[in-house]
$ cat data_33.csv   # CSV, C-alpha atoms
chain,number,residue,atom,x,y,z
A,1,MET,CA,13.0,1.9,-22.0
A,2,ALA,CA,13.5,0.6,-18.5
A,3,SER,CA,10.9,-1.6,-16.9
A,4,PRO,CA,9.0,-0.2,-13.9
A,5,ALA,CA,10.4,-0.9,-10.5
A,6,PRO,CA,8.7,-3.8,-8.8
A,7,ARG,CA,5.9,-2.8,-6.4
A,8,PRO,CA,6.4,-3.5,-2.7
A,9,ARG,CA,4.0,-6.1,-1.3
A,10,LEU,CA,2.8,-6.6,2.3
A,11,PHE,CA,2.1,-9.6,4.4
A,12,VAL,CA,1.4,-10.5,8.0
A,13,ALA,CA,3.5,-13.3,9.5
A,14,VAL,CA,4.8,-15.1,12.6
A,15,VAL,CA,8.6,-15.0,12.5
A,16,PRO,CA,10.8,-17.6,14.2
A,17,PRO,CA,13.5,-16.3,16.5
A,18,ASP,CA,17.2,-16.2,15.4
A,19,ALA,CA,18.0,-19.4,17.2
A,20,VAL,CA,15.4,-21.4,15.3
A,21,LEU,CA,16.5,-19.8,12.0
A,22,ALA,CA,20.1,-21.0,12.8
A,23,GLU,CA,18.7,-24.5,13.4
A,24,LEU,CA,17.1,-24.4,10.0
A,25,ARG,CA,20.3,-23.3,8.4
A,26,ARG,CA,22.2,-26.2,9.9
A,27,ALA,CA,19.5,-28.7,9.0
A,28,THR,CA,19.2,-27.6,5.4
A,29,ALA,CA,23.0,-27.5,4.7
A,30,ALA,CA,22.8,-31.3,4.0
A,31,LEU,CA,20.7,-30.6,1.0
A,32,ASP,CA,23.7,-29.3,-0.9
A,33,ALA,CA,24.9,-32.9,-1.4
A,34,LEU,CA,21.7,-34.0,-3.3
A,35,PRO,CA,21.5,-34.1,-7.1
A,36,GLY,CA,20.0,-31.0,-8.4
A,37,ALA,CA,20.7,-28.9,-5.3
A,38,GLY,CA,22.3,-26.2,-7.4
A,39,ARG,CA,18.8,-25.5,-8.8
A,40,LEU,CA,17.5,-24.5,-5.4
A,41,ARG,CA,17.5,-20.9,-4.3
A,42,PRO,CA,17.4,-21.0,-0.5
A,43,THR,CA,15.2,-18.4,1.2
A,44,GLU,CA,17.4,-16.0,3.2
A,45,ALA,CA,16.8,-15.5,6.9
A,46,GLY,CA,14.7,-12.3,6.3
A,47,GLY,CA,12.3,-14.3,4.2
A,48,ARG,CA,11.7,-17.2,6.6
A,49,HIS,CA,8.4,-16.8,8.2
A,50,VAL,CA,4.9,-18.4,8.5
A,51,THR,CA,2.6,-16.2,6.5
A,52,LEU,CA,-0.8,-15.5,8.1
A,53,ALA,CA,-2.2,-13.2,5.4
A,54,PHE,CA,-0.7,-12.0,2.0
A,55,LEU,CA,-2.0,-8.5,1.3
A,56,GLY,CA,-0.1,-7.7,-1.9
A,57,ALA,CA,0.4,-4.1,-3.0
A,58,CYS,CA,-1.6,-1.9,-0.7
A,59,ASP,CA,-2.9,1.7,-0.6
A,60,PRO,CA,-0.6,3.4,2.0
A,61,GLY,CA,-3.6,5.5,3.2
A,62,ARG,CA,-5.2,2.3,4.7
A,63,LEU,CA,-2.2,1.3,6.7
A,64,ASP,CA,-3.1,3.2,9.9
A,65,GLY,CA,-6.5,1.4,10.0
A,66,LEU,CA,-4.7,-1.9,9.4
A,67,ALA,CA,-2.2,-1.3,12.2
A,68,ALA,CA,-5.0,-0.6,14.7
A,69,ARG,CA,-6.9,-3.7,13.7
A,70,LEU,CA,-3.8,-6.0,13.7
A,71,ALA,CA,-3.1,-4.7,17.2
A,72,ARG,CA,-6.6,-5.8,18.4
A,73,ALA,CA,-6.3,-9.2,16.6
A,74,ALA,CA,-2.9,-9.8,18.3
A,75,HIS,CA,-4.2,-8.7,21.7
A,76,ARG,CA,-7.1,-11.2,21.5
A,77,THR,CA,-4.7,-14.1,20.9
A,78,ALA,CA,-2.6,-15.6,23.7
A,79,PRO,CA,1.1,-16.6,22.9
A,80,PHE,CA,1.4,-20.2,21.9
A,81,PRO,CA,4.1,-22.8,21.2
A,82,LEU,CA,5.3,-23.5,17.7
A,83,ALA,CA,8.1,-25.7,16.2
A,84,LEU,CA,9.1,-26.9,12.7
A,85,ARG,CA,9.0,-30.6,12.1
A,86,GLY,CA,9.6,-32.3,8.7
A,87,ALA,CA,9.2,-30.8,5.3
A,88,GLY,CA,7.0,-30.8,2.2
A,89,HIS,CA,6.8,-29.2,-1.2
A,90,PHE,CA,4.4,-27.3,-3.5
A,91,GLY,CA,4.8,-29.1,-6.8
A,92,ASP,CA,8.2,-28.6,-8.3
A,93,ARG,CA,8.4,-25.0,-7.2
A,94,VAL,CA,8.7,-24.6,-3.4
A,95,LEU,CA,10.3,-26.6,-0.6
A,96,TRP,CA,9.0,-25.8,2.9
A,97,ALA,CA,9.2,-26.7,6.6
A,98,ARG,CA,6.0,-27.9,8.4
A,99,PRO,CA,4.9,-26.0,11.5
A,100,ASP,CA,4.0,-28.1,14.5
A,101,GLY,CA,2.7,-27.3,18.0
A,102,ALA,CA,-0.4,-25.3,18.7
A,103,LEU,CA,-1.7,-25.3,15.1
A,104,ASP,CA,-5.3,-24.5,16.2
A,105,ALA,CA,-4.0,-21.3,17.8
A,106,LEU,CA,-2.0,-20.5,14.7
A,107,ALA,CA,-5.1,-21.0,12.5
A,108,ARG,CA,-7.2,-18.9,14.8
A,109,LEU,CA,-4.6,-16.1,14.7
A,110,ALA,CA,-4.5,-16.3,10.9
A,111,GLU,CA,-8.3,-16.0,10.8
A,112,ARG,CA,-8.3,-13.0,13.1
A,113,VAL,CA,-5.5,-11.3,11.0
A,114,ARG,CA,-7.3,-12.0,7.8
A,115,ALA,CA,-10.5,-10.6,9.2
A,116,ALA,CA,-8.7,-7.5,10.5
A,117,ALA,CA,-7.1,-6.8,7.1
A,118,THR,CA,-10.5,-7.2,5.4
A,119,ARG,CA,-12.2,-4.8,7.8
A,120,ALA,CA,-9.3,-2.3,7.1
A,121,GLY,CA,-10.2,-2.5,3.4
A,122,LEU,CA,-7.1,-4.6,2.5
A,123,PRO,CA,-8.6,-8.1,2.0
A,124,PRO,CA,-5.9,-10.8,1.7
A,125,ASP,CA,-5.1,-12.1,-1.8
A,126,ALA,CA,-7.7,-14.8,-2.6
A,127,GLU,CA,-5.0,-16.8,-4.4
A,128,HIS,CA,-3.0,-17.1,-1.2
A,129,ALA,CA,-5.2,-19.0,1.2
A,130,PHE,CA,-3.7,-19.8,4.6
A,131,ARG,CA,-1.6,-22.9,4.3
A,132,PRO,CA,0.8,-23.1,7.3
A,133,HIS,CA,4.4,-23.5,6.0
A,134,LEU,CA,7.8,-21.8,6.1
A,135,THR,CA,9.5,-21.6,2.7
A,136,LEU,CA,13.0,-23.0,2.7
A,137,ALA,CA,13.8,-22.7,-1.0
A,138,ARG,CA,12.4,-22.1,-4.4
A,139,VAL,CA,13.5,-23.7,-7.6
A,140,ARG,CA,15.4,-21.5,-10.0
A,141,PRO,CA,13.9,-21.0,-13.5
A,142,GLY,CA,14.5,-23.9,-15.9
A,143,PRO,CA,13.2,-27.4,-16.2
A,144,PRO,CA,11.1,-28.9,-13.4
A,145,LEU,CA,13.0,-30.3,-10.4
A,146,ARG,CA,11.6,-33.1,-8.3
A,147,LEU,CA,11.4,-31.8,-4.8
A,148,ALA,CA,10.2,-35.0,-3.1
A,149,PRO,CA,13.8,-36.2,-2.5
A,150,PHE,CA,14.6,-32.9,-0.8
A,151,ALA,CA,11.5,-33.1,1.4
A,152,GLU,CA,12.4,-36.8,2.3
A,153,ALA,CA,15.9,-35.7,3.2
A,154,LEU,CA,14.3,-33.3,5.7
A,155,ALA,CA,11.8,-35.8,7.1
A,156,GLN,CA,13.6,-35.6,10.5
A,157,LEU,CA,13.9,-31.8,10.5
A,158,ALA,CA,13.3,-30.4,14.0
A,159,ALA,CA,13.7,-26.7,14.8
A,160,GLY,CA,12.3,-25.1,17.9
A,161,PRO,CA,10.1,-25.1,19.8
A,162,TRP,CA,9.6,-21.4,20.4
A,163,GLN,CA,6.9,-19.3,21.8
A,164,ALA,CA,5.0,-17.3,19.1
A,165,ASP,CA,4.4,-14.0,20.9
A,166,GLU,CA,3.9,-11.4,18.2
A,167,VAL,CA,2.7,-10.8,14.6
A,168,ARG,CA,4.6,-8.7,12.1
A,169,LEU,CA,3.5,-6.6,9.1
A,170,VAL,CA,6.3,-7.1,6.6
A,171,ARG,CA,7.0,-5.2,3.4
A,172,SER,CA,8.6,-7.3,0.6
A,173,VAL,CA,10.2,-5.6,-2.4
A,174,PRO,CA,10.6,-8.1,-5.3
A,175,PRO,CA,14.0,-8.1,-6.9
A,176,PRO,CA,14.4,-6.2,-10.2
A,177,GLY,CA,13.9,-8.4,-13.2
A,178,GLY,CA,16.9,-9.5,-15.2
A,179,VAL,CA,19.4,-9.3,-12.3
A,180,PRO,CA,20.9,-12.7,-11.7
A,181,GLY,CA,20.9,-13.8,-8.1
A,182,ALA,CA,18.8,-10.7,-7.0
A,183,ARG,CA,16.6,-11.4,-3.9
A,184,PRO,CA,13.6,-9.7,-2.4
A,185,ALA,CA,14.3,-7.2,0.3
A,186,TYR,CA,12.2,-7.4,3.5
A,187,ALA,CA,11.4,-4.7,6.1
A,188,THR,CA,9.3,-5.0,9.2
A,189,GLU,CA,6.6,-2.2,9.1
A,190,GLY,CA,5.0,-3.0,12.4
A,191,ARG,CA,4.9,-5.6,15.1
A,192,TRP,CA,2.3,-6.3,17.7
A,193,PRO,CA,2.6,-8.6,20.8
A,194,LEU,CA,0.2,-11.4,21.3
A,195,GLY,CA,-1.8,-10.7,24.5
A,196,GLY,CA,-4.6,-13.1,25.2
$ encode --input "data_33.csv" --output "structure tokens"
Amino acid sequence: MASPAPRPRLFVAVVPPDAVLAELRRATAALDALPGAGRLRPTEAGGRHVTLAFLGACDPGRLDGLAARLARAAHRTAPFPLALRGAGHFGDRVLWARPDGALDALARLAERVRAAATRAGLPPDAEHAFRPHLTLARVRPGPPLRLAPFAEALAQLAAGPWQADEVRLVRSVPPPGGVPGARPAYATEGRWPLGG
């Protein structure tokens, strides 16, 4: 019997422009020379974003209310500068780039987005607290891989700056289980300009 198809999940994010994503690709290419690099699964361009709120699987009937509230949250926030500087890691699982710039404005936007989702009846997943980062790569299944050397290799990472001027609601469809090399699929469900 076939396993059920993975359920789509929603999140709200700030997405860097293509030029910044290209800078990230160039900067992270050097990681291929490090021992263990074959164990890393780089995040594709569609998955490179700064998550403000992870909503998980959502009731489609609540999305209209969410859209209206996200539009208001975005309008109440002025555009602000962001960049990516340096890297870090979550244990031996995730390698990420560190946001830099107007981090107070980024945190305020995340707070407004999370409040908007909660008021729409779609509270953010409690396990995914706001921790500003942009995922660069995940470790493939297998034994642990020390990510500290990879983060150290990216200590001088510099991508951007850019002007964060919108928020996006993104649908992520996890890859089917048991398919080697399968990746999540991402689709933008809505975007709202920052207004201030």
$ residues_near_point --input "data_33.csv" --point "(7.4, -27.9, -5.9)" --cutoff "10 Å" --atoms "only C-alpha atoms" --output "VMD selection string"
chain A and resid 88 to 96 137 to 139 144 to 148 151
$ closest_residue --input "data_33.csv" --among "A:Gly61, A:Leu103, A:Arg48, A:Val12" --to "Asp125 in chain A" --atoms "all atoms listed in the file"
A:Val12
$ residues_near_point --input "data_33.csv" --point "(19.3, -23.2, 10.8)" --cutoff "12 Å" --atoms "only C-alpha atoms" --output "ChimeraX atom specification"
/A:16-30,42-45,48,84,97,136,157-160
$ write_last_selection --input "data_33.csv" --atoms "C-alpha atoms" --output "PDB file, in the frame of the given file"
ATOM      1  CA  PRO A  16      10.800 -17.600  14.200  1.00  0.00           C
ATOM      2  CA  PRO A  17      13.500 -16.300  16.500  1.00  0.00           C
ATOM      3  CA  ASP A  18      17.200 -16.200  15.400  1.00  0.00           C
ATOM      4  CA  ALA A  19      18.000 -19.400  17.200  1.00  0.00           C
ATOM      5  CA  VAL A  20      15.400 -21.400  15.300  1.00  0.00           C
ATOM      6  CA  LEU A  21      16.500 -19.800  12.000  1.00  0.00           C
ATOM      7  CA  ALA A  22      20.100 -21.000  12.800  1.00  0.00           C
ATOM      8  CA  GLU A  23      18.700 -24.500  13.400  1.00  0.00           C
ATOM      9  CA  LEU A  24      17.100 -24.400  10.000  1.00  0.00           C
ATOM     10  CA  ARG A  25      20.300 -23.300   8.400  1.00  0.00           C
ATOM     11  CA  ARG A  26      22.200 -26.200   9.900  1.00  0.00           C
ATOM     12  CA  ALA A  27      19.500 -28.700   9.000  1.00  0.00           C
ATOM     13  CA  THR A  28      19.200 -27.600   5.400  1.00  0.00           C
ATOM     14  CA  ALA A  29      23.000 -27.500   4.700  1.00  0.00           C
ATOM     15  CA  ALA A  30      22.800 -31.300   4.000  1.00  0.00           C
ATOM     16  CA  PRO A  42      17.400 -21.000  -0.500  1.00  0.00           C
ATOM     17  CA  THR A  43      15.200 -18.400   1.200  1.00  0.00           C
ATOM     18  CA  GLU A  44      17.400 -16.000   3.200  1.00  0.00           C
ATOM     19  CA  ALA A  45      16.800 -15.500   6.900  1.00  0.00           C
ATOM     20  CA  ARG A  48      11.700 -17.200   6.600  1.00  0.00           C
ATOM     21  CA  LEU A  84       9.100 -26.900  12.700  1.00  0.00           C
ATOM     22  CA  ALA A  97       9.200 -26.700   6.600  1.00  0.00           C
ATOM     23  CA  LEU A 136      13.000 -23.000   2.700  1.00  0.00           C
ATOM     24  CA  LEU A 157      13.900 -31.800  10.500  1.00  0.00           C
ATOM     25  CA  ALA A 158      13.300 -30.400  14.000  1.00  0.00           C
ATOM     26  CA  ALA A 159      13.700 -26.700  14.800  1.00  0.00           C
ATOM     27  CA  GLY A 160      12.300 -25.100  17.900  1.00  0.00           C
TER      28      GLY A 160
END
$ atom_distance --input "data_33.csv" --atom1 "CA of Gly38 in chain A" --atom2 "CA of Thr51 in chain A"
26.1 Å
$ atom_distance --input "data_33.csv" --atom1 "CA of Gly56 in chain A" --atom2 "CA of Leu10 in chain A"
5.2 Å
$ residues_around --input "data_33.csv" --residues "Ala116 in chain A" --least-positions-apart "4" --cutoff "8 Å" --atoms "all atoms listed in the file" --output "list in words"
Leu66, Arg69, Leu70, Ala73, Arg112 and Ala120 of chain A
$ closest_residue --input "data_33.csv" --among "A:Arg191, A:Arg62, A:Arg98, A:Arg183" --to "Thr118 in chain A" --atoms "all atoms listed in the file"
A:Arg62
$ closest_residue --input "data_33.csv" --among "A:Ala164, A:Pro175, A:Leu154, A:Ala187" --to "Leu31 in chain A" --atoms "only C-alpha atoms"
A:Leu154
$ closest_residue --input "data_33.csv" --among "A:His128, A:Arg171, A:Arg119, A:Arg9" --to "Gly46 in chain A" --atoms "all atoms listed in the file"
A:Arg171
$ atom_distance --input "data_33.csv" --atom1 "CA of Ala33 in chain A" --atom2 "CA of Ala155 in chain A"
15.9 Å
$ build_atoms --input "data_33.csv" --residues "range 126-139 of chain A" --atoms "N, CA, C and O atoms" --output "PDB file, keeping the file's coordinate frame"
ATOM      1  N   ALA A 126      -6.888 -13.570  -2.528  1.00  0.00           N
ATOM      2  CA  ALA A 126      -7.700 -14.800  -2.600  1.00  0.00           C
ATOM      3  C   ALA A 126      -6.857 -15.998  -3.042  1.00  0.00           C
ATOM      4  O   ALA A 126      -7.151 -17.143  -2.709  1.00  0.00           O
ATOM      5  N   GLU A 127      -5.833 -15.748  -3.837  1.00  0.00           N
ATOM      6  CA  GLU A 127      -5.000 -16.800  -4.400  1.00  0.00           C
ATOM      7  C   GLU A 127      -4.040 -17.382  -3.302  1.00  0.00           C
ATOM      8  O   GLU A 127      -3.421 -18.417  -3.508  1.00  0.00           O
ATOM      9  N   HIS A 128      -3.873 -16.660  -2.213  1.00  0.00           N
ATOM     10  CA  HIS A 128      -3.000 -17.100  -1.200  1.00  0.00           C
ATOM     11  C   HIS A 128      -3.740 -17.458   0.097  1.00  0.00           C
ATOM     12  O   HIS A 128      -3.703 -16.759   1.102  1.00  0.00           O
ATOM     13  N   ALA A 129      -4.465 -18.555   0.024  1.00  0.00           N
ATOM     14  CA  ALA A 129      -5.200 -19.000   1.200  1.00  0.00           C
ATOM     15  C   ALA A 129      -4.172 -19.425   2.280  1.00  0.00           C
ATOM     16  O   ALA A 129      -3.005 -19.704   1.980  1.00  0.00           O
ATOM     17  N   PHE A 130      -4.622 -19.430   3.525  1.00  0.00           N
ATOM     18  CA  PHE A 130      -3.700 -19.800   4.600  1.00  0.00           C
ATOM     19  C   PHE A 130      -3.376 -21.265   4.552  1.00  0.00           C
ATOM     20  O   PHE A 130      -4.244 -22.129   4.679  1.00  0.00           O
ATOM     21  N   ARG A 131      -2.113 -21.547   4.276  1.00  0.00           N
ATOM     22  CA  ARG A 131      -1.600 -22.900   4.300  1.00  0.00           C
ATOM     23  C   ARG A 131      -0.298 -22.845   5.121  1.00  0.00           C
ATOM     24  O   ARG A 131       0.733 -22.381   4.641  1.00  0.00           O
ATOM     25  N   PRO A 132      -0.349 -23.276   6.382  1.00  0.00           N
ATOM     26  CA  PRO A 132       0.800 -23.100   7.300  1.00  0.00           C
ATOM     27  C   PRO A 132       2.062 -23.775   6.730  1.00  0.00           C
ATOM     28  O   PRO A 132       2.070 -24.987   6.568  1.00  0.00           O
ATOM     29  N   HIS A 133       3.093 -22.971   6.477  1.00  0.00           N
ATOM     30  CA  HIS A 133       4.400 -23.500   6.000  1.00  0.00           C
ATOM     31  C   HIS A 133       5.417 -22.385   6.163  1.00  0.00           C
ATOM     32  O   HIS A 133       5.061 -21.215   6.306  1.00  0.00           O
ATOM     33  N   LEU A 134       6.673 -22.773   6.143  1.00  0.00           N
ATOM     34  CA  LEU A 134       7.800 -21.800   6.100  1.00  0.00           C
ATOM     35  C   LEU A 134       8.642 -22.180   4.925  1.00  0.00           C
ATOM     36  O   LEU A 134       9.197 -23.283   4.858  1.00  0.00           O
ATOM     37  N   THR A 135       8.726 -21.279   3.960  1.00  0.00           N
ATOM     38  CA  THR A 135       9.500 -21.600   2.700  1.00  0.00           C
ATOM     39  C   THR A 135      10.955 -21.654   3.000  1.00  0.00           C
ATOM     40  O   THR A 135      11.554 -20.738   3.559  1.00  0.00           O
ATOM     41  N   LEU A 136      11.530 -22.786   2.587  1.00  0.00           N
ATOM     42  CA  LEU A 136      13.000 -23.000   2.700  1.00  0.00           C
ATOM     43  C   LEU A 136      13.729 -22.652   1.470  1.00  0.00           C
ATOM     44  O   LEU A 136      14.850 -22.146   1.525  1.00  0.00           O
ATOM     45  N   ALA A 137      13.136 -22.958   0.313  1.00  0.00           N
ATOM     46  CA  ALA A 137      13.800 -22.700  -1.000  1.00  0.00           C
ATOM     47  C   ALA A 137      12.815 -22.722  -2.093  1.00  0.00           C
ATOM     48  O   ALA A 137      11.753 -23.341  -1.996  1.00  0.00           O
ATOM     49  N   ARG A 138      13.189 -22.036  -3.167  1.00  0.00           N
ATOM     50  CA  ARG A 138      12.400 -22.100  -4.400  1.00  0.00           C
ATOM     51  C   ARG A 138      13.312 -22.596  -5.509  1.00  0.00           C
ATOM     52  O   ARG A 138      14.544 -22.473  -5.436  1.00  0.00           O
ATOM     53  N   VAL A 139      12.698 -23.167  -6.523  1.00  0.00           N
ATOM     54  CA  VAL A 139      13.500 -23.700  -7.600  1.00  0.00           C
ATOM     55  C   VAL A 139      13.764 -22.583  -8.620  1.00  0.00           C
ATOM     56  O   VAL A 139      12.866 -21.796  -8.975  1.00  0.00           O
TER      57      VAL A 139
END
